[in-house]
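Visitor: Contents of coords_16.csv (CSV, C-alpha atoms):
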```csv
chain,number,residue,atom,x,y,z
M,1,MET,CA,0.0,0.0,0.0
M,2,LYS,CA,1.6,3.2,-1.1
M,3,PHE,CA,0.7,5.2,2.0
M,4,ALA,CA,1.8,2.5,4.4
M,5,MET,CA,5.2,2.2,2.6
M,6,LYS,CA,6.1,5.8,3.5
M,7,ALA,CA,5.8,5.0,7.2
M,8,VAL,CA,8.9,2.8,7.1
M,9,ALA,CA,11.1,5.7,6.2
M,10,VAL,CA,9.4,8.4,8.4
M,11,GLY,CA,12.6,9.0,10.4
M,12,VAL,CA,14.6,9.7,7.2
M,13,MET,CA,11.9,11.8,5.7
M,14,LEU,CA,11.5,14.0,8.7
M,15,ALA,CA,15.2,14.2,9.8
M,16,GLY,CA,16.6,17.7,10.1
M,17,VAL,CA,13.3,19.5,10.5
M,18,SER,CA,13.9,22.8,12.3
M,19,VAL,CA,11.7,25.4,13.6
M,20,ALA,CA,12.0,28.8,12.0
M,21,PHE,CA,9.8,31.9,11.5
M,22,ALA,CA,7.0,31.2,9.1
M,23,GLN,CA,7.9,32.5,5.6
M,24,LYS,CA,7.0,31.8,2.1
M,25,GLY,CA,8.2,28.4,1.0
M,26,GLU,CA,8.9,26.9,4.4
M,27,VAL,CA,8.0,23.2,4.7
M,28,VAL,CA,5.8,22.1,7.6
M,29,LYS,CA,6.1,18.4,8.0
M,30,MET,CA,3.3,16.6,9.7
M,31,VAL,CA,2.6,12.9,10.6
M,32,ARG,CA,-0.8,11.3,10.7
M,33,ILE,CA,-1.0,8.2,12.9
M,34,ASP,CA,-4.1,6.1,12.0
M,35,PRO,CA,-5.0,2.6,10.7
M,36,LEU,CA,-4.0,1.8,7.1
M,37,THR,CA,-4.5,-2.0,7.4
M,38,GLY,CA,-7.1,-4.3,9.0
M,39,LEU,CA,-10.9,-4.1,8.9
M,40,LEU,CA,-10.8,-0.3,9.4
M,41,GLY,CA,-7.8,0.3,7.2
M,42,PRO,CA,-9.9,1.4,4.1
M,43,VAL,CA,-11.0,4.4,6.1
M,44,GLY,CA,-7.5,5.5,7.0
M,45,VAL,CA,-6.3,4.9,3.5
M,46,SER,CA,-9.1,7.1,2.1
M,47,GLN,CA,-8.3,9.8,4.6
M,48,ALA,CA,-4.6,9.7,3.8
M,49,LYS,CA,-5.5,10.5,0.2
M,50,GLY,CA,-7.5,13.5,1.6
M,51,TYR,CA,-4.4,14.8,3.4
M,52,GLN,CA,-2.3,14.4,0.3
M,53,PHE,CA,-4.9,16.2,-1.8
M,54,PHE,CA,-5.5,19.1,0.6
M,55,ALA,CA,-1.8,19.6,1.6
M,56,GLU,CA,-1.3,20.5,-2.1
M,57,LYS,CA,-4.4,22.8,-2.2
M,58,PHE,CA,-3.4,24.7,0.9
M,59,SER,CA,0.3,25.0,0.4
M,60,GLY,CA,2.1,28.1,-0.7
M,61,ALA,CA,-0.4,30.7,-1.9
M,62,GLY,CA,-3.2,28.5,-0.5
M,63,ASN,CA,-2.5,29.7,3.0
M,64,PRO,CA,-1.7,33.2,4.5
M,65,ALA,CA,1.6,32.1,6.0
M,66,GLY,CA,2.9,30.9,2.6
M,67,VAL,CA,4.2,27.6,4.0
M,68,LYS,CA,4.2,24.2,2.3
M,69,PHE,CA,2.4,21.4,4.1
M,70,GLU,CA,3.6,17.8,3.8
M,71,VAL,CA,1.8,14.9,5.6
M,72,THR,CA,3.3,11.4,6.1
M,73,PRO,CA,0.9,8.6,7.3
M,74,ILE,CA,1.9,5.9,9.7
M,75,ASP,CA,-0.1,2.7,10.2
M,76,ASN,CA,-1.0,2.3,13.9
M,77,LYS,CA,-3.3,-0.8,13.3
M,78,LEU,CA,-5.8,1.0,15.5
M,79,SER,CA,-3.7,0.1,18.6
M,80,PRO,CA,-2.8,2.6,21.3
M,81,ALA,CA,0.5,0.9,21.9
M,82,GLU,CA,1.4,1.0,18.2
M,83,SER,CA,0.4,4.6,18.2
M,84,LEU,CA,2.7,5.5,21.0
M,85,ASN,CA,5.6,3.8,19.2
M,86,ALA,CA,4.6,5.7,16.0
M,87,LEU,CA,4.5,9.0,18.0
M,88,LYS,CA,8.0,8.4,19.4
M,89,ALA,CA,9.3,7.6,15.9
M,90,ALA,CA,7.7,10.7,14.5
M,91,ILE,CA,9.1,12.9,17.2
M,92,ASP,CA,12.6,11.3,17.0
M,93,GLY,CA,12.5,12.1,13.2
M,94,GLY,CA,11.7,15.8,13.9
M,95,ALA,CA,7.9,16.0,13.5
M,96,ARG,CA,6.3,18.8,15.4
M,97,TYR,CA,2.7,18.3,14.2
M,98,ILE,CA,0.9,15.0,14.9
M,99,ILE,CA,-2.5,14.2,13.4
M,100,GLN,CA,-4.9,11.4,14.5
M,101,GLY,CA,-8.6,10.7,14.6
M,102,ASN,CA,-9.8,7.2,14.2
M,103,GLY,CA,-10.4,5.7,17.7
M,104,SER,CA,-10.8,7.7,20.9
M,105,SER,CA,-8.9,5.1,22.9
M,106,VAL,CA,-5.9,6.0,20.6
M,107,ALA,CA,-6.6,9.7,21.0
M,108,LEU,CA,-6.6,9.6,24.8
M,109,ALA,CA,-3.3,7.8,24.8
M,110,LEU,CA,-1.7,10.2,22.3
M,111,SER,CA,-3.0,13.3,24.1
M,112,ASP,CA,-1.5,12.1,27.4
M,113,ALA,CA,1.8,11.2,25.7
M,114,VAL,CA,2.1,14.5,23.9
M,115,ALA,CA,1.4,16.4,27.1
M,116,LYS,CA,4.1,14.4,29.0
M,117,HIS,CA,6.6,14.8,26.1
M,118,ASN,CA,6.1,18.6,26.0
M,119,GLU,CA,6.5,18.9,29.8
M,120,ARG,CA,9.7,16.9,29.7
M,121,ASN,CA,11.2,18.4,26.6
M,122,PRO,CA,10.9,22.2,26.5
M,123,GLY,CA,11.9,23.6,23.2
M,124,LYS,CA,10.9,20.4,21.4
M,125,GLU,CA,7.1,20.7,21.8
M,126,VAL,CA,4.7,19.1,19.4
M,127,LEU,CA,1.0,19.8,18.7
M,128,TYR,CA,-1.7,17.1,18.5
M,129,LEU,CA,-4.4,17.8,15.9
M,130,ASN,CA,-7.4,15.6,16.3
M,131,ASP,CA,-9.5,15.2,13.2
M,132,SER,CA,-12.1,12.6,14.2
M,133,ALA,CA,-11.9,11.3,17.8
M,134,VAL,CA,-15.0,12.5,19.5
M,135,ASP,CA,-14.9,11.3,23.1
M,136,PRO,CA,-16.0,14.3,25.1
M,137,ASP,CA,-13.4,13.7,27.8
M,138,LEU,CA,-10.7,14.9,25.4
M,139,THR,CA,-12.0,18.5,25.8
M,140,ASN,CA,-13.5,18.1,29.3
M,141,SER,CA,-12.0,16.1,32.2
M,142,LYS,CA,-8.9,15.2,30.2
M,143,CYS,CA,-8.4,18.4,28.2
M,144,ASN,CA,-4.8,19.2,27.3
M,145,TYR,CA,-3.3,22.5,26.1
M,146,TRP,CA,-1.5,20.7,23.3
M,147,HIS,CA,-4.6,19.0,21.9
M,148,PHE,CA,-7.0,20.7,19.4
M,149,ARG,CA,-10.1,18.9,18.1
M,150,PHE,CA,-11.5,19.7,14.7
M,151,ASP,CA,-14.5,17.3,14.7
M,152,ALA,CA,-17.6,17.9,16.8
M,153,ASP,CA,-17.6,15.8,20.0
M,154,THR,CA,-20.3,13.4,21.0
M,155,THR,CA,-22.1,15.8,23.3
M,156,MET,CA,-22.5,18.2,20.3
M,157,LYS,CA,-23.6,15.5,17.9
M,158,VAL,CA,-26.0,13.8,20.3
M,159,GLU,CA,-27.5,17.2,21.2
M,160,ALA,CA,-28.3,17.9,17.6
M,161,MET,CA,-29.4,14.4,16.9
M,162,SER,CA,-31.7,14.2,19.9
M,163,SER,CA,-33.2,17.6,18.9
M,164,PHE,CA,-34.1,16.1,15.5
M,165,ILE,CA,-35.4,12.9,17.0
M,166,SER,CA,-37.6,14.8,19.4
M,167,GLU,CA,-39.6,16.0,16.5
M,168,GLN,CA,-40.0,12.5,14.9
M,169,LYS,CA,-43.3,11.3,16.5
M,170,ASP,CA,-42.9,7.9,15.0
M,171,VAL,CA,-39.7,7.3,17.0
M,172,LYS,CA,-41.0,5.5,20.2
M,173,LYS,CA,-38.6,2.6,21.0
M,174,VAL,CA,-34.8,3.0,20.6
M,175,TYR,CA,-32.0,0.4,20.7
M,176,LEU,CA,-28.5,1.5,21.4
M,177,LEU,CA,-25.8,-0.5,19.6
M,178,ASN,CA,-22.2,0.7,19.8
M,179,GLN,CA,-18.6,-0.2,19.8
M,180,ASN,CA,-17.1,-1.3,23.1
M,181,TYR,CA,-14.6,1.4,23.8
M,182,SER,CA,-14.7,5.0,25.1
M,183,HIS,CA,-16.5,6.5,22.0
M,184,GLY,CA,-19.2,3.9,21.9
M,185,VAL,CA,-19.8,4.1,25.6
M,186,GLN,CA,-20.1,7.9,25.4
M,187,VAL,CA,-22.6,7.7,22.5
M,188,ALA,CA,-24.9,5.4,24.5
M,189,LYS,CA,-24.5,7.5,27.7
M,190,TYR,CA,-25.4,10.9,26.1
M,191,ALA,CA,-28.1,9.4,23.9
M,192,LYS,CA,-29.9,8.2,27.1
M,193,GLU,CA,-29.4,11.5,28.9
M,194,THR,CA,-30.6,13.8,26.1
M,195,LEU,CA,-33.6,11.7,25.0
M,196,ALA,CA,-34.7,11.5,28.7
M,197,ARG,CA,-34.6,15.3,28.7
M,198,LYS,CA,-36.2,16.0,25.3
M,199,ARG,CA,-38.5,13.0,24.8
M,200,PRO,CA,-39.1,11.2,28.1
M,201,ASP,CA,-41.8,9.1,26.4
M,202,ILE,CA,-39.2,7.3,24.2
M,203,GLN,CA,-38.3,3.9,25.6
M,204,ILE,CA,-34.7,2.5,25.5
M,205,VAL,CA,-35.6,-1.1,24.7
M,206,GLY,CA,-32.1,-2.5,24.4
M,207,GLU,CA,-28.4,-1.7,24.6
M,208,ASP,CA,-25.3,-3.5,23.4
M,209,LEU,CA,-21.6,-2.9,23.2
M,210,HIS,CA,-19.6,-5.1,20.8
M,211,PRO,CA,-15.9,-5.5,20.2
M,212,LEU,CA,-14.2,-2.8,18.1
M,213,ALA,CA,-13.4,-3.9,14.5
M,214,GLN,CA,-13.7,-7.6,15.3
M,215,THR,CA,-17.3,-8.5,14.5
M,216,ARG,CA,-17.9,-9.9,11.0
M,217,ASP,CA,-21.5,-11.0,11.5
M,218,PHE,CA,-24.0,-8.7,13.0
M,219,ALA,CA,-27.0,-11.0,12.4
M,220,PRO,CA,-27.3,-11.9,16.1
M,221,TYR,CA,-27.5,-8.2,17.0
M,222,ILE,CA,-30.1,-7.5,14.4
M,223,ALA,CA,-32.2,-10.5,15.7
M,224,LYS,CA,-32.0,-8.9,19.2
M,225,ILE,CA,-33.0,-5.5,17.8
M,226,LYS,CA,-36.0,-7.0,16.0
M,227,ALA,CA,-37.1,-9.0,19.1
M,228,SER,CA,-36.9,-5.8,21.2
M,229,GLY,CA,-39.5,-4.1,19.1
M,230,ALA,CA,-37.2,-1.1,18.4
M,231,ASP,CA,-38.3,1.2,15.7
M,232,THR,CA,-35.0,3.1,15.8
M,233,VAL,CA,-31.3,2.3,16.3
M,234,ILE,CA,-28.7,4.9,17.5
M,235,THR,CA,-25.2,3.9,16.7
M,236,GLY,CA,-21.8,5.7,16.7
M,237,ASN,CA,-20.3,2.7,14.7
M,238,TRP,CA,-17.9,3.6,11.9
M,239,GLY,CA,-16.0,1.8,9.1
M,240,SER,CA,-16.6,-2.0,8.8
M,241,ASP,CA,-18.6,-2.0,12.1
M,242,LEU,CA,-21.3,0.2,10.5
M,243,SER,CA,-21.2,-1.2,7.0
M,244,LEU,CA,-21.5,-4.8,8.2
M,245,LEU,CA,-24.3,-3.8,10.7
M,246,ILE,CA,-26.3,-2.2,7.8
M,247,LYS,CA,-25.6,-5.2,5.6
M,248,ALA,CA,-27.0,-7.5,8.4
M,249,ALA,CA,-30.0,-5.3,8.9
M,250,ASN,CA,-30.8,-5.4,5.2
M,251,GLU,CA,-30.4,-9.2,5.0
M,252,GLY,CA,-32.3,-9.7,8.2
M,253,GLY,CA,-35.3,-7.6,7.1
M,254,TYR,CA,-35.0,-4.9,9.8
M,255,ASN,CA,-36.8,-1.8,8.4
M,256,GLY,CA,-36.4,0.6,11.4
M,257,LYS,CA,-34.5,3.8,11.3
M,258,PHE,CA,-30.8,4.2,12.0
M,259,PHE,CA,-29.3,7.4,13.4
M,260,THR,CA,-25.6,7.4,12.8
M,261,TYR,CA,-22.5,9.5,12.8
M,262,TYR,CA,-20.7,8.0,9.8
M,263,ALA,CA,-23.1,6.7,7.2
M,264,GLY,CA,-21.2,8.4,4.4
M,265,VAL,CA,-17.8,6.8,5.3
M,266,THR,CA,-16.0,4.2,3.2
M,267,GLY,CA,-17.9,1.0,2.7
M,268,THR,CA,-21.2,2.0,4.3
M,269,PRO,CA,-22.8,3.7,1.2
M,270,THR,CA,-22.3,0.4,-0.8
M,271,ALA,CA,-23.8,-1.6,2.1
M,272,LEU,CA,-26.8,0.8,2.3
M,273,GLY,CA,-27.6,0.6,-1.4
M,274,THR,CA,-31.2,1.6,-2.0
M,275,ASN,CA,-32.5,-0.3,1.1
M,276,GLY,CA,-31.7,2.5,3.5
M,277,ALA,CA,-33.6,5.2,1.5
M,278,GLY,CA,-35.4,7.5,3.9
M,279,ARG,CA,-34.5,5.7,7.1
M,280,VAL,CA,-30.8,6.0,7.6
M,281,TYR,CA,-29.7,9.4,9.0
M,282,GLN,CA,-26.3,11.0,9.7
M,283,ILE,CA,-25.4,13.8,12.0
M,284,ALA,CA,-22.1,15.4,11.0
M,285,TYR,CA,-20.2,18.7,10.5
M,286,ASN,CA,-20.3,18.4,6.7
M,287,HIS,CA,-22.0,16.2,4.1
M,288,TYR,CA,-21.7,15.3,0.4
M,289,ASN,CA,-23.9,18.1,-0.9
M,290,MET,CA,-22.4,21.3,0.6
M,291,GLY,CA,-22.1,22.9,-2.9
M,292,GLY,CA,-19.8,25.7,-3.9
M,293,GLN,CA,-16.0,25.1,-3.5
M,294,MET,CA,-16.6,21.9,-1.5
M,295,GLN,CA,-18.4,20.4,-4.4
M,296,LYS,CA,-15.6,21.3,-6.8
M,297,TRP,CA,-13.0,19.7,-4.5
M,298,GLN,CA,-15.1,16.6,-4.1
M,299,ASP,CA,-15.5,16.2,-7.8
M,300,GLU,CA,-11.8,16.7,-8.4
M,301,PHE,CA,-10.9,14.3,-5.6
M,302,LYS,CA,-13.1,11.6,-7.0
M,303,LYS,CA,-11.7,12.1,-10.5
M,304,LYS,CA,-8.2,11.9,-9.2
M,305,TYR,CA,-8.5,9.0,-6.7
M,306,ASN,CA,-11.7,7.2,-7.7
M,307,ASP,CA,-12.7,7.7,-4.1
M,308,ASP,CA,-15.0,9.9,-2.0
M,309,PHE,CA,-13.8,12.7,0.3
M,310,TYR,CA,-15.8,13.0,3.5
M,311,THR,CA,-13.4,14.0,6.4
M,312,GLY,CA,-13.9,17.8,6.2
M,313,SER,CA,-11.8,18.3,9.4
M,314,THR,CA,-8.8,17.8,7.1
M,315,ILE,CA,-9.7,21.2,5.5
M,316,ARG,CA,-10.3,22.8,8.8
M,317,ILE,CA,-6.8,21.8,10.0
M,318,PHE,CA,-5.1,23.4,7.0
M,319,GLU,CA,-7.3,26.5,7.2
M,320,THR,CA,-6.6,27.2,10.9
M,321,LEU,CA,-2.9,26.2,10.9
M,322,GLY,CA,-2.2,28.5,8.0
M,323,ALA,CA,-4.1,31.4,9.7
M,324,ALA,CA,-2.4,30.6,13.1
M,325,MET,CA,1.1,30.5,11.5
M,326,ALA,CA,0.5,33.8,9.8
M,327,LYS,CA,-0.7,35.3,13.1
M,328,ALA,CA,2.2,33.9,15.0
M,329,LYS,CA,4.7,34.7,12.2
M,330,SER,CA,6.2,31.3,13.1
M,331,THR,CA,5.8,27.6,12.7
M,332,ASP,CA,7.0,27.0,16.3
M,333,PRO,CA,4.3,24.8,17.9
M,334,VAL,CA,4.4,26.8,21.1
M,335,LYS,CA,3.7,30.1,19.2
M,336,VAL,CA,1.2,28.4,16.9
M,337,ALA,CA,-0.7,26.8,19.8
M,338,ALA,CA,-1.1,30.3,21.4
M,339,ALA,CA,-2.3,31.6,18.0
M,340,LEU,CA,-4.8,28.8,17.6
M,341,GLU,CA,-6.6,29.5,20.8
M,342,GLY,CA,-9.8,31.4,20.0
M,343,ILE,CA,-8.9,31.8,16.3
M,344,ARG,CA,-11.7,32.3,13.8
M,345,VAL,CA,-11.6,31.4,10.2
M,346,GLN,CA,-14.0,31.5,7.2
M,347,SER,CA,-14.4,27.9,6.2
M,348,ILE,CA,-16.5,25.8,3.7
M,349,ASN,CA,-19.7,26.6,5.5
M,350,GLY,CA,-19.1,29.9,7.3
M,351,GLU,CA,-17.1,31.0,10.3
M,352,VAL,CA,-15.7,28.4,12.7
M,353,GLU,CA,-13.9,29.1,16.0
M,354,MET,CA,-11.4,27.1,18.0
M,355,ARG,CA,-12.8,27.7,21.5
M,356,LYS,CA,-10.0,28.8,23.8
M,357,THR,CA,-11.5,27.3,26.9
M,358,ASP,CA,-11.1,23.7,25.8
M,359,HIS,CA,-9.7,23.6,22.2
M,360,GLN,CA,-13.0,22.3,20.7
M,361,LEU,CA,-13.8,23.7,17.3
M,362,GLN,CA,-17.2,25.4,17.2
M,363,GLN,CA,-19.0,24.7,13.9
M,364,PRO,CA,-22.4,23.9,12.4
M,365,LEU,CA,-23.8,20.4,12.3
M,366,TYR,CA,-26.1,18.9,9.7
M,367,MET,CA,-28.7,16.2,9.8
M,368,THR,CA,-29.0,14.3,6.5
M,369,VAL,CA,-30.9,11.3,5.3
M,370,TRP,CA,-29.9,8.6,2.8
M,371,ASP,CA,-32.0,9.0,-0.4
M,372,LYS,CA,-31.8,9.0,-4.2
M,373,ALA,CA,-29.3,11.5,-5.8
M,374,SER,CA,-31.0,14.3,-7.7
M,375,ALA,CA,-30.3,17.4,-9.7
M,376,LYS,CA,-30.5,19.4,-6.5
M,377,TYR,CA,-28.3,16.9,-4.5
M,378,PRO,CA,-26.2,15.2,-7.1
M,379,TYR,CA,-23.1,13.8,-5.4
M,380,SER,CA,-23.3,10.0,-5.3
M,381,PRO,CA,-20.8,8.3,-2.9
M,382,GLU,CA,-19.4,5.0,-4.1
M,383,ASN,CA,-21.5,5.4,-7.3
M,384,THR,CA,-24.6,4.1,-5.6
M,385,GLY,CA,-27.0,6.5,-7.2
M,386,MET,CA,-27.8,7.6,-3.7
M,387,THR,CA,-26.7,10.5,-1.5
M,388,LEU,CA,-27.1,12.2,1.9
M,389,VAL,CA,-29.8,14.7,1.5
M,390,PRO,CA,-29.6,17.7,4.0
M,391,LEU,CA,-32.6,18.1,6.2
M,392,LYS,CA,-31.6,20.5,8.9
M,393,GLU,CA,-28.6,22.7,9.9
M,394,TYR,CA,-27.7,23.4,13.5
M,395,PRO,CA,-25.6,26.6,13.7
M,396,ASN,CA,-22.6,27.0,15.9
M,397,TYR,CA,-24.5,28.4,18.8
M,398,VAL,CA,-27.0,25.6,18.7
M,399,SER,CA,-24.5,22.7,18.3
M,400,SER,CA,-22.2,24.1,21.0
M,401,THR,CA,-22.2,22.4,24.4
M,402,PRO,CA,-20.6,23.4,27.8
M,403,THR,CA,-17.2,22.2,28.9
M,404,SER,CA,-15.8,21.3,32.3
M,405,CYS,CA,-12.2,21.7,31.0
M,406,GLN,CA,-9.8,23.3,33.5
M,407,MET,CA,-7.0,24.1,31.0
M,408,LYS,CA,-3.5,24.1,32.3
M,409,ARG,CA,-1.5,26.4,30.2
M,410,PRO,CA,2.3,26.5,30.0
M,411,SER,CA,3.9,29.4,31.9
```
Would you encode the structure as structure tokens?

Guide:
Amino acid sequence: MKFAMKAVAVGVMLAGVSVAFAQKGEVVKMVRIDPLTGLLGPVGVSQAKGYQFFAEKFSGAGNPAGVKFEVTPIDNKLSPAESLNALKAAIDGGARYIIQGNGSSVALALSDAVAKHNERNPGKEVLYLNDSAVDPDLTNSKCNYWHFRFDADTTMKVEAMSSFISEQKDVKKVYLLNQNYSHGVQVAKYAKETLARKRPDIQIVGEDLHPLAQTRDFAPYIAKIKASGADTVITGNWGSDLSLLIKAANEGGYNGKFFTYYAGVTGTPTALGTNGAGRVYQIAYNHYNMGGQMQKWQDEFKKKYNDDFYTGSTIRIFETLGAAMAKAKSTDPVKVAAALEGIRVQSINGEVEMRKTDHQLQQPLYMTVWDKASAKYPYSPENTGMTLVPLKEYPNYVSSTPTSCQMKRPS
């Protein structure tokens, strides 16, 4: 795999990186630590293409600092231990910007390791840019000055999702099915809390946690869901754990609704086919039919890679880094971190803000539903003839949730 091969030589590629004042043509080398192999490898591979694509778009004249971005992926096999080894290799090779997203268990390990490294190695600090890990603890009880999240956390997504569900009178019995790690546990926790507050009449008729990226047959879970009488399933599953769940639901004849985070991610559109029309929903910070510049980028990406781009946080990272480096007049992570706090940039769907209190990006969220592509909503992921049709937008001030973060800033 061409992205995985680069990881072997990461030390050589990043050797000699030095920190200097941001100036036109300076190279900012970054490392993304995420799965490139295994059941969830296809997601990481697709995202690696996204980083390659947008590093080119946002380099040089594409950012106000005039720097050039280069991103090298390392396969962590979705393992926290492998991720910590990859972090050490990246830092030893000179990397000062670390990106990760798939797996909150990995994110929590990396956040802690980066904080400890920076405390022990003044002058050699690194920043951790989180593009997808949504465990609320990362910007609450375990918040860390060196961690910045560009996705919306689970409290934000469930707040918007439950607001939408509260208006769906046909939703009466809900089953919670999630992956058995920090992210899945949090989805279930906040779903129960918010539904109890907004729709106390809704019954939670079942709840299951299953092993992450290990289950190949979800038929037994679908049988339990059907037996419970649930008309709706809420799941934070992603990658193969969602596509195989949807496949089992289709084959098992379950016709209830699914409320998801990641219906548009690699493999799931194909699994959905036409069977999920009108009953599979996604809450996310972007979708396939944003229009404008985003539509142009998506079309160009698909033509170049024969793949679909869906991780919009990639764009956010380059937008805010370029702006912060220009503001700081430096690529030094210490100065850039200070510039990132509270920064506001115009993005693909309006202004977004990196909240200073907890380093959680404040951004709109969208509820979409799986349905036929049309002239109005034309983008068809995985060439299914289907798409995610936007139903409702939740602006920054609506999707925002409180934080308990007590940020410890370096002196």

Visitor: Go through M:Ile74, M:Ala227, M:Val233, M:Val27 one by one, measure the shortest atom-to-atom distance of each to Lys172 in chain M using all atoms listed in the file, and give the residue with the smallest value.

Guide: M:Val233

Visitor: Given the choices M:Cys143, M:Ile315, M:Ala188, M:Ile225, which gets closest to Gln298 in chain M if the distance is worked out from only C-alpha atoms?

Guide: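 Counting only C-alpha atoms, the residue closest to Gln298 in chain M is M:Ile315.
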
Visitor: With all atoms listed in the file as the counted atoms, please give the residues lying no more than 7 Å from Ile99 in chain M, apart from itself and same-chain residues fewer than 4 positions off, as JSON, numbers by chain.

Guide: {"M": [31, 32, 33, 128, 129, 130]}

Visitor: Which of these residues is nearest to Ile348 in chain M, using only C-alpha atoms: M:Gly60, M:Gly123, M:Gly291, M:Pro410?

Guide: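 Comparing M:Gly60, M:Gly123, M:Gly291, M:Pro410 against Ile348 in chain M, the winner is M:Gly291.
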
Visitor: Pick from M:Tyr175, M:Tyr397, M:Tyr310, M:Phe58: nearest to Lys257 in chain M, with only C-alpha atoms counted?

Guide: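 Going through M:Tyr175, M:Tyr397, M:Tyr310, M:Phe58 one by one, the smallest distance to Lys257 in chain M is for M:Tyr175.
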
Visitor: Tell me which residues come within 12 Å of (-14.8, 30.5, 10.5), as a ChimeraX atom specification, counting all atoms listed in the file in the file's coordinates.

Guide: /M:315-317,319-320,323,342-355,361-364,395-396

Visitor: Just write the chosen residues, C-alpha atoms, as a PDB file, in the coordinates of the input.

Guide:
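Writing done, so here's out-v4.pdb:
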```
ATOM      1  CA  ILE M 315      -9.700  21.200   5.500  1.00  0.00           C
ATOM      2  CA  ARG M 316     -10.300  22.800   8.800  1.00  0.00           C
ATOM      3  CA  ILE M 317      -6.800  21.800  10.000  1.00  0.00           C
ATOM      4  CA  GLU M 319      -7.300  26.500   7.200  1.00  0.00           C
ATOM      5  CA  THR M 320      -6.600  27.200  10.900  1.00  0.00           C
ATOM      6  CA  ALA M 323      -4.100  31.400   9.700  1.00  0.00           C
ATOM      7  CA  GLY M 342      -9.800  31.400  20.000  1.00  0.00           C
ATOM      8  CA  ILE M 343      -8.900  31.800  16.300  1.00  0.00           C
ATOM      9  CA  ARG M 344     -11.700  32.300  13.800  1.00  0.00           C
ATOM     10  CA  VAL M 345     -11.600  31.400  10.200  1.00  0.00           C
ATOM     11  CA  GLN M 346     -14.000  31.500   7.200  1.00  0.00           C
ATOM     12  CA  SER M 347     -14.400  27.900   6.200  1.00  0.00           C
ATOM     13  CA  ILE M 348     -16.500  25.800   3.700  1.00  0.00           C
ATOM     14  CA  ASN M 349     -19.700  26.600   5.500  1.00  0.00           C
ATOM     15  CA  GLY M 350     -19.100  29.900   7.300  1.00  0.00           C
ATOM     16  CA  GLU M 351     -17.100  31.000  10.300  1.00  0.00           C
ATOM     17  CA  VAL M 352     -15.700  28.400  12.700  1.00  0.00           C
ATOM     18  CA  GLU M 353     -13.900  29.100  16.000  1.00  0.00           C
ATOM     19  CA  MET M 354     -11.400  27.100  18.000  1.00  0.00           C
ATOM     20  CA  ARG M 355     -12.800  27.700  21.500  1.00  0.00           C
ATOM     21  CA  LEU M 361     -13.800  23.700  17.300  1.00  0.00           C
ATOM     22  CA  GLN M 362     -17.200  25.400  17.200  1.00  0.00           C
ATOM     23  CA  GLN M 363     -19.000  24.700  13.900  1.00  0.00           C
ATOM     24  CA  PRO M 364     -22.400  23.900  12.400  1.00  0.00           C
ATOM     25  CA  PRO M 395     -25.600  26.600  13.700  1.00  0.00           C
ATOM     26  CA  ASN M 396     -22.600  27.000  15.900  1.00  0.00           C
TER      27      ASN M 396
END
```

Visitor: Skip Lys372 in chain M itself and residues of its chain fewer than 6 positions away, then list as a list in words all residues within 7 Å of it, counting only C-alpha atoms.

Guide: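 Skipping anything fewer than 6 positions along the chain leaves Gly385, Met386 and Thr387 of chain M.
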
Visitor: Show me the residues close to (-12.9, 21.9, 30.5) - anything with an atom within 9 Å, counting all atoms listed in the file - and format the list as number ranges by chain.

Guide: M: 137-143, 357-358, 402-407

Visitor: Just to be explicit: take each residue in the selection above, keep C-alpha atoms, and write the result as a compact mmCIF listing (two decimals), keeping the file's coordinate frame.

Guide:
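Printed below is again22.txt as written:
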```txt
# COMPACT_ATOMS: atom_id res chain seq x y z
CA ASP M 137 -13.40 13.70 27.80
CA LEU M 138 -10.70 14.90 25.40
CA THR M 139 -12.00 18.50 25.80
CA ASN M 140 -13.50 18.10 29.30
CA SER M 141 -12.00 16.10 32.20
CA LYS M 142 -8.90 15.20 30.20
CA CYS M 143 -8.40 18.40 28.20
CA THR M 357 -11.50 27.30 26.90
CA ASP M 358 -11.10 23.70 25.80
CA PRO M 402 -20.60 23.40 27.80
CA THR M 403 -17.20 22.20 28.90
CA SER M 404 -15.80 21.30 32.30
CA CYS M 405 -12.20 21.70 31.00
CA GLN M 406 -9.80 23.30 33.50
CA MET M 407 -7.00 24.10 31.00
```

Visitor: Go through M:Thr260, M:Lys302, M:Val336, M:Ser400 one by one, measure the shortest atom-to-atom distance of each to Val369 in chain M using all atoms listed in the file, and give the residue with the smallest value.

Guide: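 Nearest candidate to Val369 in chain M out of M:Thr260, M:Lys302, M:Val336, M:Ser400: M:Thr260.
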
Visitor: Closest to Phe318 in chain M among M:Leu391, M:Val28, M:Leu39, M:Ala133, using all atoms listed in the file?

Guide: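 When distances to Phe318 in chain M are compared using all atoms listed in the file, the smallest one comes from M:Val28.
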
Visitor: CA of Asn255 in chain M and CA of Gly276 in chain M, how far apart in Å?

Guide: 8.3 Å

Visitor: If we count all atoms listed in the file, what is near Leu87 in chain M at a cut-off of 10 Å, once residues fewer than 3 positions away on the same chain are taken out, given as a list in words?

Guide: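 My reading of the contact set: Val31, Arg32, Ile33, Ile74, Asn76, Ala81, Glu82, Ser83, Leu84, Ala90, Ile91, Asp92, Gly93, Ala95, Ile98, Ile99, Leu110, Ala113 and Val114 of chain M.
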
Visitor: At what distance in Å, to one decimal, does CA of Tyr262 in chain M lie from CA of Asp201 in chain M?

Guide: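 It comes out at 26.9 Å.
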
Visitor: Which polymer residues have any atom within 7 Å of an atom of Tyr394 in chain M, counting only C-alpha atoms, with same-chain residues fewer than 5 positions away left out, as a VMD selection string?

Guide: chain M and resid 160 364 to 366 399
